[in-house]
file query-v3.txt (compact mmCIF, C-alpha atoms)
# COMPACT_ATOMS: atom_id res chain seq x y z
CA MET A 1 72.18 64.39 263.66
CA GLN A 2 75.70 65.67 264.10
CA ILE A 3 76.12 69.08 265.62
CA SER A 4 79.40 70.47 266.81
CA ASP A 5 79.82 70.30 270.59
CA GLN A 6 82.26 73.19 270.43
CA ALA A 7 79.96 75.32 268.30
CA LEU A 8 77.10 74.76 270.76
CA LYS A 9 79.32 75.39 273.80
CA ASN A 10 80.55 78.64 272.28
CA ILE A 11 76.96 79.71 271.75
CA LEU A 12 75.84 78.77 275.26
CA VAL A 13 78.64 80.69 276.95
CA GLY A 14 78.25 83.68 274.65
CA LYS A 15 81.55 83.32 272.78
CA SER A 16 79.61 83.29 269.57
CA ASN A 17 76.22 84.80 268.87
CA PRO A 18 74.96 83.54 265.54
CA GLN A 19 71.70 84.89 264.23
CA PHE A 20 69.43 81.89 263.91
CA ASN A 21 66.52 81.60 261.51
CA PHE A 22 64.14 79.21 263.30
CA LEU A 23 62.05 81.01 265.92
CA ALA A 24 61.74 78.05 268.30
CA LEU A 25 65.51 77.56 268.23
CA LYS A 26 66.06 81.23 269.07
CA ILE A 27 63.81 80.83 272.10
CA LEU A 28 65.35 77.52 273.19
CA ILE A 29 68.94 78.72 272.81
CA THR A 30 68.14 81.84 274.82
CA ARG A 31 66.60 79.76 277.59
CA LEU A 32 69.60 77.41 277.58
CA LYS A 33 72.01 80.37 277.73
CA MET A 34 70.22 81.60 280.83
CA THR A 35 70.52 78.13 282.35
CA ALA A 36 74.17 77.90 281.34
CA ALA A 37 74.86 81.23 283.03
CA LYS A 38 74.25 79.41 286.32
CA ASP A 39 76.26 76.38 285.13
CA PRO A 40 79.57 77.86 283.95
CA GLN A 41 81.21 74.41 283.75
CA LEU A 42 78.35 73.30 281.47
CA SER A 43 77.89 70.19 283.57
CA GLY A 44 74.45 69.80 282.00
CA PHE A 45 75.79 70.06 278.45
CA SER A 46 74.58 66.63 277.33
CA THR A 47 71.04 67.59 278.35
CA TYR A 48 71.28 70.97 276.62
CA LYS A 49 72.57 69.33 273.46
CA LYS A 50 69.83 66.70 273.54
CA GLU A 51 67.15 69.39 273.68
CA VAL A 52 68.68 71.24 270.74
CA VAL A 53 69.06 68.09 268.64
CA GLN A 54 65.49 66.97 269.38
CA LEU A 55 64.12 70.36 268.35
CA LEU A 56 66.08 70.41 265.11
CA GLN A 57 65.26 66.79 264.26
CA SER A 58 61.57 67.41 264.80
CA ASN A 59 61.59 70.30 262.35
CA MET A 60 64.04 69.24 259.65
CA SER A 61 61.54 69.93 256.86
CA LEU A 62 61.73 73.68 257.54
CA PRO A 63 64.22 75.61 255.39
CA SER A 64 65.04 77.79 258.41
CA VAL A 65 66.08 74.70 260.37
CA GLN A 66 68.22 73.40 257.53
CA LYS A 67 70.13 76.70 257.61
CA ASP A 68 70.48 76.58 261.39
CA VAL A 69 71.78 73.02 261.35
CA LYS A 70 74.70 74.25 259.24
CA ILE A 71 75.41 76.88 261.88
CA MET A 72 75.28 74.20 264.56
CA MET A 73 77.62 71.99 262.58
CA GLY A 74 80.09 74.83 262.60
CA VAL A 75 79.82 75.16 258.82
CA ASN A 76 78.70 78.80 258.81
CA MET B 1 39.66 78.43 253.03
CA ILE B 2 37.87 81.13 255.01
CA ASN B 3 39.88 83.57 257.14
CA ALA B 4 37.46 86.43 257.76
CA LEU B 5 34.76 88.00 259.91
CA GLN B 6 31.47 86.19 259.45
CA SER B 7 27.92 86.52 260.71
CA ILE B 8 26.75 84.09 263.37
CA GLU B 9 24.36 82.59 260.82
CA ASP B 10 27.19 81.96 258.36
CA VAL B 11 29.42 80.45 261.06
CA ASN B 12 26.64 78.09 262.09
CA ALA B 13 26.28 77.04 258.46
CA LEU B 14 30.00 76.26 258.33
CA ILE B 15 29.75 74.28 261.57
CA GLU B 16 26.79 72.29 260.26
CA SER B 17 28.66 71.54 257.04
CA GLY B 18 31.31 69.78 259.14
CA LYS B 19 34.13 72.31 258.87
CA THR B 20 36.80 72.43 261.56
CA LEU B 21 37.04 76.01 262.81
CA PHE B 22 39.23 78.19 265.02
CA LEU B 23 37.07 81.10 266.15
CA ALA B 24 37.28 84.49 267.84
CA GLY B 25 34.32 86.53 269.00
CA ASP B 26 32.48 88.23 271.78
CA GLU B 27 31.17 85.85 274.45
CA GLN B 28 27.53 86.53 273.56
CA ALA B 29 28.24 85.75 269.91
CA LEU B 30 30.10 82.52 270.64
CA LYS B 31 27.22 81.39 272.87
CA GLN B 32 24.94 81.37 269.82
CA LEU B 33 27.02 78.82 267.92
CA LYS B 34 25.92 75.27 267.30
CA PRO B 35 27.86 72.25 268.53
CA GLY B 36 30.55 71.06 266.15
CA ASN B 37 34.23 70.70 265.51
CA TRP B 38 35.44 74.10 266.70
CA ILE B 39 37.12 75.96 269.51
CA GLY B 40 36.70 79.67 270.13
CA GLY B 41 38.02 82.42 272.34
CA THR B 42 36.45 85.64 273.54
CA ILE B 43 37.51 88.93 271.95
CA PRO B 44 35.57 91.59 269.99
CA TYR B 45 38.58 93.22 268.27
CA PHE B 46 39.70 92.21 264.81
CA MET B 47 41.88 93.07 261.88
CA ALA B 48 39.31 92.46 259.17
CA GLU B 49 39.06 92.93 255.42
CA THR B 50 38.26 96.62 255.87
CA GLY B 51 40.83 97.27 258.60
CA GLY B 52 40.80 97.34 262.39
CA GLU B 53 37.30 96.68 263.70
CA VAL B 54 35.46 96.36 267.01
CA ASN B 55 32.48 94.06 266.52
CA ARG B 56 30.43 92.19 269.11
CA ASP B 57 28.09 90.58 266.58
CA LYS B 58 30.43 88.87 264.15
CA ILE B 59 32.94 86.08 264.60
CA PHE B 60 36.38 85.81 263.05
CA VAL B 61 36.62 82.43 261.37
CA THR B 62 39.83 80.61 260.59
CA GLU B 63 38.84 77.50 258.70
CA VAL B 64 41.19 74.59 259.14
CA PRO B 65 42.29 73.61 255.62
CA GLU B 66 40.71 70.51 254.14
CA TYR B 67 44.12 68.97 253.49
CA VAL B 68 44.57 68.56 257.27
CA THR B 69 44.51 64.79 257.68
CA SER B 70 43.50 64.61 261.32
CA SER B 71 42.66 66.91 264.21
CA LYS B 72 41.87 66.66 267.90
CA ILE B 73 40.79 69.10 270.60
CA SER B 74 42.49 68.96 274.00
CA ALA B 75 41.89 70.88 277.23
CA TYR B 76 44.68 71.70 279.66
CA ASP B 77 44.76 73.23 283.11
CA ALA B 78 47.85 75.00 284.43
CA GLU B 79 49.44 71.72 285.53
CA GLN B 80 48.58 69.75 282.40
CA LEU B 81 49.69 72.38 279.89
CA LYS B 82 53.31 71.23 280.11
CA ASN B 83 52.20 68.29 277.94
CA VAL B 84 51.00 70.45 275.08
CA TYR B 85 54.07 69.92 272.90
CA ASN B 86 54.10 66.19 273.58
CA ASP B 87 50.51 66.07 272.31
CA THR B 88 51.23 67.75 268.98
CA TYR B 89 51.34 65.75 265.79
CA ALA B 90 54.82 64.94 264.46
CA ASN B 91 53.99 66.85 261.29
CA GLY B 92 51.38 69.50 261.90
CA PHE B 93 50.53 72.56 263.94
CA SER B 94 48.50 73.39 267.01
CA LEU B 95 46.18 76.32 267.64
CA ILE B 96 45.88 77.41 271.26
CA LEU B 97 43.45 79.62 273.20
CA ILE B 98 44.27 80.68 276.77
CA PRO B 99 41.95 82.80 278.96
CA ALA B 100 43.68 85.98 280.14
CA MET B 101 44.50 86.38 283.81
CA SER B 102 43.98 82.67 284.52
CA ASP B 103 46.48 80.39 286.24
CA VAL B 104 47.01 78.63 282.92
CA HIS B 105 47.94 82.00 281.35
CA PHE B 106 50.43 82.78 284.11
CA SER B 107 51.92 79.29 284.02
CA PHE B 108 52.31 79.21 280.24
CA ALA B 109 53.96 82.63 280.22
CA LEU B 110 56.58 81.61 282.74
CA ASN B 111 57.22 78.03 281.73
CA ALA B 112 56.48 77.36 278.05
CA PRO B 113 60.11 77.33 276.85
CA GLU B 114 60.84 74.63 279.43
CA TYR B 115 58.00 72.32 278.47
CA PRO B 116 59.04 68.83 277.32
CA SER B 117 59.47 68.56 273.54
CA PHE B 118 59.37 72.37 273.25
CA GLY B 119 58.87 73.38 269.63
CA LYS B 120 58.20 69.87 268.32
CA SER B 121 55.46 71.40 266.15
CA PRO B 122 54.38 75.03 265.75
CA LEU B 123 52.13 76.21 268.59
CA VAL B 124 50.32 79.41 267.67
CA GLY B 125 47.33 81.20 269.12
CA TRP B 126 46.30 83.87 271.51
CA ILE B 127 45.22 85.01 274.95
CA THR B 128 41.46 85.54 275.06
CA GLY B 129 40.06 88.80 276.36
CA VAL B 130 37.03 91.04 276.65
CA HIS B 131 35.80 94.38 275.34
CA LEU B 132 37.72 97.01 277.29
CA ASP B 133 34.40 98.44 278.53
CA ASP B 134 33.78 95.05 280.18
CA LEU B 135 37.09 94.79 282.04
CA GLY B 136 36.36 93.65 285.59
CA LYS B 137 32.74 92.81 284.71
CA VAL B 138 33.13 89.68 282.60
CA THR B 139 36.00 87.22 282.33
CA PRO B 140 37.87 86.07 279.23
CA LYS B 141 36.76 82.59 278.20
CA VAL B 142 37.40 79.71 275.83
CA PHE B 143 34.71 77.57 274.16
CA ASN B 144 34.84 73.95 273.00
CA GLY B 145 32.25 73.23 270.31
CA VAL B 146 32.62 69.47 270.61
CA SER B 147 32.07 69.09 274.35
CA GLY B 148 29.98 72.24 274.76
CA SER B 149 32.22 73.33 277.62
CA VAL B 150 33.15 76.92 278.39
CA SER B 151 36.11 77.72 280.62
CA GLU B 152 37.91 80.66 282.16
CA LYS B 153 40.54 78.37 283.69
CA GLU B 154 41.66 75.99 280.95
CA ALA B 155 43.50 76.33 277.65
CA TYR B 156 41.89 74.68 274.64
CA VAL B 157 44.08 73.46 271.83
CA LEU B 158 43.16 72.30 268.32
CA HIS B 159 45.95 69.96 267.23
CA CYS B 160 46.13 69.47 263.44
CA GLU B 161 48.08 66.95 261.39
CA LEU B 162 49.45 67.72 257.94
CA PRO B 163 50.11 65.34 255.05
CA ALA B 164 53.74 64.45 254.40
CA ASN B 165 54.13 66.89 251.49
CA LEU B 166 53.34 69.95 253.64
CA TYR B 167 54.95 71.65 256.61
CA ALA B 168 53.85 74.42 258.93
CA SER B 169 56.08 77.28 259.97
CA LEU B 170 55.53 79.95 262.55
CA ASP B 171 57.03 83.41 262.66
CA ILE B 172 56.49 86.86 264.09
CA VAL B 173 56.54 90.49 263.03
CA ASN B 174 57.75 92.80 265.77
CA LEU B 175 58.25 96.43 264.86
CA PHE B 176 60.01 97.23 268.08
CA ASP B 177 63.78 97.30 268.24
CA GLN B 178 65.87 97.75 271.34
CA GLY B 179 66.50 101.47 271.80
CA GLU B 180 69.80 103.10 272.69
CA GLY B 181 68.90 103.51 276.36
CA ASP B 182 69.94 101.71 279.54
CA THR B 183 70.41 97.98 279.90
CA LEU B 184 67.81 96.64 282.33
CA VAL B 185 68.16 93.33 284.16
CA PHE B 186 65.78 91.80 286.71
CA LYS B 187 66.87 89.71 289.66
CA LYS B 188 63.87 87.42 289.52
CA SER B 189 61.41 86.26 286.89
CA GLY B 190 57.83 87.46 287.22
CA TRP B 191 54.92 89.57 286.10
CA ASP B 192 55.97 92.54 288.16
CA ALA B 193 59.20 94.04 289.44
CA ASP B 194 59.98 96.28 292.39
CA THR B 195 63.64 96.71 291.52
CA VAL B 196 65.71 96.70 288.36
CA VAL B 197 69.45 96.60 287.73
CA VAL B 198 70.20 99.59 285.47
CA ASN B 199 73.59 99.33 283.77
CA GLY B 200 74.73 97.24 286.75
CA LYS B 201 73.21 99.36 289.51
CA GLU B 202 70.10 98.18 291.36
CA MET B 203 67.32 100.68 292.01
CA SER B 204 63.56 101.03 292.43
CA PHE B 205 61.92 100.36 289.08
CA VAL B 206 59.04 102.73 289.84
CA GLU B 207 61.52 105.52 290.57
CA TYR B 208 63.48 104.68 287.43
CA VAL B 209 60.36 104.87 285.24
CA GLU B 210 59.40 108.21 286.79
CA GLN B 211 62.89 109.75 286.69
CA LYS B 212 63.36 108.79 283.06
CA GLY B 213 59.81 109.72 282.12
CA LEU B 214 59.49 106.45 280.20
CA ASP B 215 56.70 106.21 277.66
CA THR B 216 55.19 102.96 278.90
CA ARG B 217 53.45 102.39 275.57
CA LEU B 218 56.88 101.25 274.35
CA PRO B 219 57.71 97.73 275.57
CA LEU B 220 60.91 96.35 277.01
CA VAL B 221 62.67 94.35 274.31
CA ALA B 222 65.02 91.39 274.74
CA ASP B 223 67.18 89.84 272.03
CA TYR B 224 66.46 86.12 271.86
CA SER B 225 69.32 85.04 269.61
CA GLY B 226 68.03 87.28 266.85
CA ALA B 227 64.32 87.38 267.74
CA LYS B 228 63.08 90.55 269.37
CA ILE B 229 60.75 89.59 272.21
CA ASN B 230 58.68 92.25 273.98
CA VAL B 231 57.41 92.64 277.51
CA SER B 232 54.71 95.32 277.66
CA PHE B 233 54.03 97.62 280.56
CA GLN B 234 50.65 97.18 282.24
CA SER B 235 50.89 99.74 285.04
CA VAL B 236 53.21 101.62 287.34
CA ASP B 237 51.90 100.85 290.81
CA LYS B 238 53.35 103.64 292.96
CA GLU B 239 51.30 102.64 296.00
CA ASN B 240 52.84 99.16 296.11
CA GLY B 241 56.17 100.20 294.65
CA LYS B 242 56.18 97.92 291.63
CA VAL B 243 55.85 97.94 287.87
CA VAL B 244 53.40 95.40 286.43
CA PHE B 245 53.77 93.78 282.99
CA TYR B 246 51.57 91.95 280.47
CA ALA B 247 54.13 89.13 280.24
CA PRO B 248 56.85 88.07 282.63
CA VAL B 249 60.35 89.44 282.66
CA PHE B 250 63.00 86.75 283.07
CA GLU B 251 65.82 86.72 285.58
CA GLY B 252 69.15 87.57 284.02
CA MET B 253 67.77 88.58 280.61
CA GLU B 254 68.99 91.92 279.28
CA TYR B 255 66.22 94.30 278.27
CA ARG B 256 66.20 97.76 276.73
CA GLN B 257 63.15 99.87 276.17
CA ALA B 258 62.02 99.94 272.56
CA ALA B 259 62.84 102.82 270.27
CA ASN B 260 59.89 104.78 268.97
CA VAL B 261 58.34 103.21 265.88
CA GLY B 262 56.95 106.32 264.22
CA ASN B 263 54.11 105.58 261.83
CA TYR B 264 52.94 102.14 262.94
CA VAL B 265 50.75 101.39 259.94
CA LYS B 266 53.48 102.34 257.46
CA GLU B 267 56.18 100.41 259.32
CA PHE B 268 53.94 97.41 259.91
CA THR B 269 53.03 97.16 256.26
CA ALA B 270 56.71 97.41 255.35
CA HIS B 271 57.61 94.56 257.72
CA LEU B 272 54.90 92.15 256.60
CA PRO B 273 55.99 89.04 254.76
CA ARG B 274 55.82 89.57 251.01
CA GLU B 275 56.43 86.08 249.62
CA ASN B 276 53.92 83.25 249.69
CA THR B 277 51.40 85.34 251.61
CA GLU B 278 48.64 83.14 250.25
CA ASN B 279 50.10 80.41 252.47
CA ILE B 280 49.36 82.29 255.71
CA ALA B 281 46.76 80.17 257.47
CA PHE B 282 46.36 82.17 260.68
CA SER B 283 47.58 85.36 262.29
CA CYS B 284 46.84 87.51 265.31
CA ASN B 285 48.05 90.88 266.54
CA CYS B 286 48.11 92.60 269.92
CA ILE B 287 45.45 94.88 271.32
CA LEU B 288 48.14 97.26 272.54
CA ASN B 289 49.27 97.80 268.95
CA PHE B 290 45.60 98.29 268.03
CA LEU B 291 45.11 100.88 270.77
CA TYR B 292 48.42 102.74 270.77
CA SER B 293 48.57 102.94 266.99
CA GLU B 294 44.84 103.69 266.66
CA LEU B 295 44.31 100.92 264.12
CA GLU B 296 40.50 101.01 264.16
CA GLY B 297 39.43 101.61 260.57
CA LYS B 298 43.01 101.32 259.29
CA GLN B 299 44.29 98.51 257.13
CA THR B 300 47.58 96.83 257.93
CA GLY B 301 48.28 95.04 254.70
CA HIS B 302 46.82 91.67 253.88
CA VAL B 303 47.17 90.03 257.28
CA LYS B 304 43.86 89.44 259.07
CA GLY B 305 42.84 87.89 262.37
CA PRO B 306 41.86 88.57 265.96
CA ILE B 307 43.37 91.41 267.98
CA THR B 308 44.28 89.80 271.25
CA PHE B 309 45.35 90.11 274.88
CA GLY B 310 48.61 88.33 274.10
CA GLU B 311 50.00 86.30 271.24
CA VAL B 312 51.43 82.81 271.29
CA ALA B 313 54.25 81.80 268.98
CA TYR B 314 55.78 78.86 270.86
CA GLN B 315 55.70 81.10 273.97
CA LEU B 316 53.77 84.16 275.13
CA LEU B 317 54.45 87.42 273.28
CA ASN B 318 53.33 91.03 273.64
CA GLN B 319 52.79 93.74 271.01
CA THR B 320 53.71 91.32 268.24
CA LEU B 321 52.05 89.82 265.19
CA ALA B 322 52.27 86.03 265.06
CA TYR B 323 51.50 84.14 261.87
CA LEU B 324 51.39 80.53 260.74
CA SER B 325 52.19 79.52 257.17
CA ILE B 326 51.66 76.18 255.52
CA ASN B 327 53.99 75.37 252.67
CA GLU B 328 54.86 72.54 250.35
CA ILE B 329 58.03 70.62 251.08
CA SER B 330 60.49 71.24 248.30
CA SER B 331 61.51 68.16 246.37
CA ASN B 332 65.04 69.57 245.94
call {"tool": "encode", "arguments": {"input": "query-v3.txt", "output": "structure tokens"}}
result
Amino acid sequence: MQISDQALKNILVGKSNPQFNFLALKILITRLKMTAAKDPQLSGFSTYKKEVVQLLQSNMSLPSVQKDVKIMMGVN
Amino acid sequence: MINALQSIEDVNALIESGKTLFLAGDEQALKQLKPGNWIGGTIPYFMAETGGEVNRDKIFVTEVPEYVTSSKISAYDAEQLKNVYNDTYANGFSLILIPAMSDVHFSFALNAPEYPSFGKSPLVGWITGVHLDDLGKVTPKVFNGVSGSVSEKEAYVLHCELPANLYASLDIVNLFDQGEGDTLVFKKSGWDADTVVVNGKEMSFVEYVEQKGLDTRLPLVADYSGAKINVSFQSVDKENGKVVFYAPVFEGMEYRQAANVGNYVKEFTAHLPRENTENIAFSCNCILNFLYSELEGKQTGHVKGPITFGEVAYQLLNQTLAYLSINEISSN
């Protein structure tokens, strides 16, 4: 799955605050933003991204996830 | 598929017919059930066909649909519960029961979003409790109909697998919005707080609650990337100088106290899902909503289920309705 590194970085540092549709993603992103607040250089970005991708891949049959993937791809 | 309050006799008949069941009832009622493929948690409060109901004699039955292709029951202590998402089926859902005030409750509340494979499949369920008259006299418990075990220390989970043409989705209804008041931040995560940072200034949380005259029936609300997540007040402990919650606050998260809801029943009914409601397989709501909004005898739309000491929708929630839907995968 391709998601935009820049789109995810912008979300994690609070530059963008998209309203997601998938509840588990809302919870995960919020937890990762709290982690990223203590990691301003995003040195753990590859781990953060892996968690997001795994969650989305595991739930691709959900319409809410399909919408959120577009947000993560920087489409919306 | 049954999703309703049933007599003990009728539940035993379902068990003997081989149904897989997710149950809620008073401890004395659950003790009368026969062995079989079920798990149950203690609680005597329900949102039933006729509205909010307190009933120690009947059991709320959620029958696992027959199209479920496989199921398994697992028990987890506080250390093992981190594996719960790894144990879920790739396509399915899992129903969890956690005894209130146990180490496994505390651990789940603090750590669930950090569990490996978080969210791999929907994890929905509730925190088991007791009749409020029994607080301090009996403990919340979970029952395993297969092993015959009863626990006040472990979480029991019924993992269910769905066929490829179906998917499960989990969502919440939370009537509470962040109010217009102060921004509250806590310096450490936990179930209680002695201090709070109010609009950037640290002060005693007990003093803040008293000075502001906060209505502690209204929870603190955080914005989780669009999801409103509550933390309910349990008590203001002046003697020990701390405020105690029904779920943990998290370090660095911004909270605001909820705005007043007004007429709970009216607002709740307005917020309920309207499409594909026949696909709702399970739901539960919070005992604080039941108490504060005086729901006994009142109907809150078509959603039925146990009234609980905490709700689980991937993580612990307070004062929120959680519901699981099972839908067909679109061929488009």
call {"tool": "atom_distance", "arguments": {"input": "query-v3.txt", "atom1": "CA of Asp134 (chain B)", "atom2": "CA of Ile43 (chain B)"}}
result
10.9 Å
call {"tool": "residues_around", "arguments": {"input": "query-v3.txt", "residues": "Asp194 (chain B)", "least_positions_apart": "2", "cutoff": "6 Å", "atoms": "all atoms listed in the file", "output": "PDB file with C-alpha atoms, in the frame of the given file"}}
result
ATOM      1  CA  SER B 204      63.560 101.030 292.430  1.00  0.00           C
ATOM      2  CA  PHE B 205      61.920 100.360 289.080  1.00  0.00           C
ATOM      3  CA  GLY B 241      56.170 100.200 294.650  1.00  0.00           C
ATOM      4  CA  LYS B 242      56.180  97.920 291.630  1.00  0.00           C
TER       5      LYS B 242
END
call {"tool": "closest_residue", "arguments": {"input": "query-v3.txt", "among": "A:Leu8, A:Val52, A:Met34, A:Ile71", "to": "Glu254 (chain B)", "atoms": "all atoms listed in the file"}}
result
A:Met34
call {"tool": "closest_atom_pairs", "arguments": {"input": "query-v3.txt", "of": "chain A", "to": "chain B", "cutoff": "9 Å", "atoms": "all atoms listed in the file", "output": "tab-separated table"}}
result
residue	atom	partner	partner_atom	distance
A:Asn17	CA	B:Ser225	CA	6.9
A:Pro18	CA	B:Ser225	CA	7.1
A:Gln19	CA	B:Gly226	CA	5.1
A:Phe20	CA	B:Gly226	CA	6.3
A:Asn21	CA	B:Gly226	CA	7.9
A:Phe22	CA	B:Asp171	CA	8.3
A:Leu23	CA	B:Asp171	CA	6.4
A:Ala24	CA	B:Gly119	CA	5.6
A:Leu25	CA	B:Gly119	CA	8.0
A:Lys26	CA	B:Ser225	CA	5.0
A:Ile27	CA	B:Tyr224	CA	5.9
A:Leu28	CA	B:Pro113	CA	6.4
A:Ile29	CA	B:Ser225	CA	7.1
A:Thr30	CA	B:Tyr224	CA	5.5
A:Arg31	CA	B:Pro113	CA	7.0
A:Met34	CA	B:Gly252	CA	6.9
A:Ala37	CA	B:Gly252	CA	8.6
A:Glu51	CA	B:Ser117	CA	7.7
A:Gln54	CA	B:Ser117	CA	7.5
A:Leu55	CA	B:Lys120	CA	5.9
A:Leu56	CA	B:Lys120	CA	8.5
A:Gln57	CA	B:Lys120	CA	8.7
A:Ser58	CA	B:Lys120	CA	5.5
A:Asn59	CA	B:Lys120	CA	6.9
A:Ser61	CA	B:Ile329	CA	6.8
A:Leu62	CA	B:Ser169	CA	7.1
call {"tool": "closest_residue", "arguments": {"input": "query-v3.txt", "among": "B:Phe22, B:Tyr246, B:Tyr76, B:Phe46", "to": "Glu152 (chain B)", "atoms": "all atoms listed in the file"}}
result
B:Tyr76
call {"tool": "residues_around", "arguments": {"input": "query-v3.txt", "residues": "Ala24 (chain B)", "least_positions_apart": "5", "cutoff": "10 Å", "atoms": "only C-alpha atoms", "output": "ChimeraX atom specification"}}
result
/B:5,29-30,39-46,58-62,97,126,128-129,142-143,305-308
call {"tool": "atom_distance", "arguments": {"input": "query-v3.txt", "atom1": "CA of Gly125 (chain B)", "atom2": "CA of Gly179 (chain B)"}}
result
28.0 Å
call {"tool": "atom_distance", "arguments": {"input": "query-v3.txt", "atom1": "CA of Glu66 (chain B)", "atom2": "CA of Thr88 (chain B)"}}
result
18.4 Å
call {"tool": "closest_residue", "arguments": {"input": "query-v3.txt", "among": "A:Gly74, A:Ile11, A:Met1, A:Lys67", "to": "Tyr48 (chain A)", "atoms": "only C-alpha atoms"}}
result
A:Ile11
call {"tool": "residues_around", "arguments": {"input": "query-v3.txt", "residues": "Leu317 (chain B)", "least_positions_apart": "6", "cutoff": "7 Å", "atoms": "all atoms listed in the file", "output": "ChimeraX atom specification"}}
result
/B:229-230,310-311
call {"tool": "residues_around", "arguments": {"input": "query-v3.txt", "residues": "Val138 (chain B)", "least_positions_apart": "5", "cutoff": "10 Å", "atoms": "all atoms listed in the file", "output": "PyMOL selection string"}}
result
chain B and resi 27+129-131+133
call {"tool": "residues_around", "arguments": {"input": "query-v3.txt", "residues": "Phe45 (chain A)", "least_positions_apart": "5", "cutoff": "10 Å", "atoms": "only C-alpha atoms", "output": "number ranges by chain"}}
result
A: 5, 8-9, 12, 32, 36, 39, 50-51
call {"tool": "closest_residue", "arguments": {"input": "query-v3.txt", "among": "B:Leu132, B:Val197, B:Leu295, B:Ile287", "to": "Phe309 (chain B)", "atoms": "all atoms listed in the file"}}
result
B:Ile287
call {"tool": "closest_residue", "arguments": {"input": "query-v3.txt", "among": "B:Leu218, B:Cys160, B:Ala270, B:Leu95", "to": "Thr300 (chain B)", "atoms": "only C-alpha atoms"}}
result
B:Ala270
call {"tool": "decode", "arguments": {"input": "query-v3.txt", "residues": "region 1-12 of chain A", "atoms": "N, CA, C and O atoms", "output": "short mmCIF file (atom, residue, chain, number, x, y, z; two decimals), in the first residue's frame"}}
result
data_model
loop_
_atom_site.label_atom_id
_atom_site.label_comp_id
_atom_site.auth_asym_id
_atom_site.auth_seq_id
_atom_site.Cartn_x
_atom_site.Cartn_y
_atom_site.Cartn_z
N MET A 1 0.84 -1.20 0.00
CA MET A 1 0.00 0.00 0.00
C MET A 1 0.87 1.25 0.00
O MET A 1 1.82 1.35 0.77
N GLN A 2 0.53 2.17 -0.88
CA GLN A 2 1.26 3.43 -0.94
C GLN A 2 0.53 4.50 -0.14
O GLN A 2 -0.63 4.78 -0.41
N ILE A 3 1.18 5.03 0.87
CA ILE A 3 0.61 6.23 1.48
C ILE A 3 1.71 7.29 1.44
O ILE A 3 2.90 6.99 1.40
N SER A 4 1.27 8.52 1.41
CA SER A 4 2.21 9.63 1.26
C SER A 4 2.95 9.89 2.57
O SER A 4 2.33 10.17 3.60
N ASP A 5 4.30 9.78 2.50
CA ASP A 5 5.09 10.09 3.70
C ASP A 5 4.81 11.51 4.18
O ASP A 5 4.66 11.75 5.37
N GLN A 6 4.73 12.43 3.22
CA GLN A 6 4.54 13.83 3.61
C GLN A 6 3.17 14.05 4.24
O GLN A 6 3.04 14.77 5.23
N ALA A 7 2.16 13.39 3.66
CA ALA A 7 0.81 13.53 4.23
C ALA A 7 0.80 13.01 5.67
O ALA A 7 0.24 13.66 6.57
N LEU A 8 1.45 11.87 5.90
CA LEU A 8 1.46 11.30 7.25
C LEU A 8 2.28 12.17 8.20
O LEU A 8 1.87 12.42 9.34
N LYS A 9 3.42 12.66 7.71
CA LYS A 9 4.24 13.54 8.58
C LYS A 9 3.47 14.80 8.96
O LYS A 9 3.52 15.23 10.12
N ASN A 10 2.78 15.37 8.00
CA ASN A 10 1.98 16.58 8.30
C ASN A 10 0.92 16.30 9.36
O ASN A 10 0.65 17.13 10.22
N ILE A 11 0.34 15.11 9.28
CA ILE A 11 -0.67 14.74 10.27
C ILE A 11 -0.02 14.56 11.65
O ILE A 11 -0.52 15.06 12.66
N LEU A 12 1.10 13.87 11.68
CA LEU A 12 1.73 13.55 12.97
C LEU A 12 2.22 14.80 13.70
O LEU A 12 2.22 14.84 14.93
#
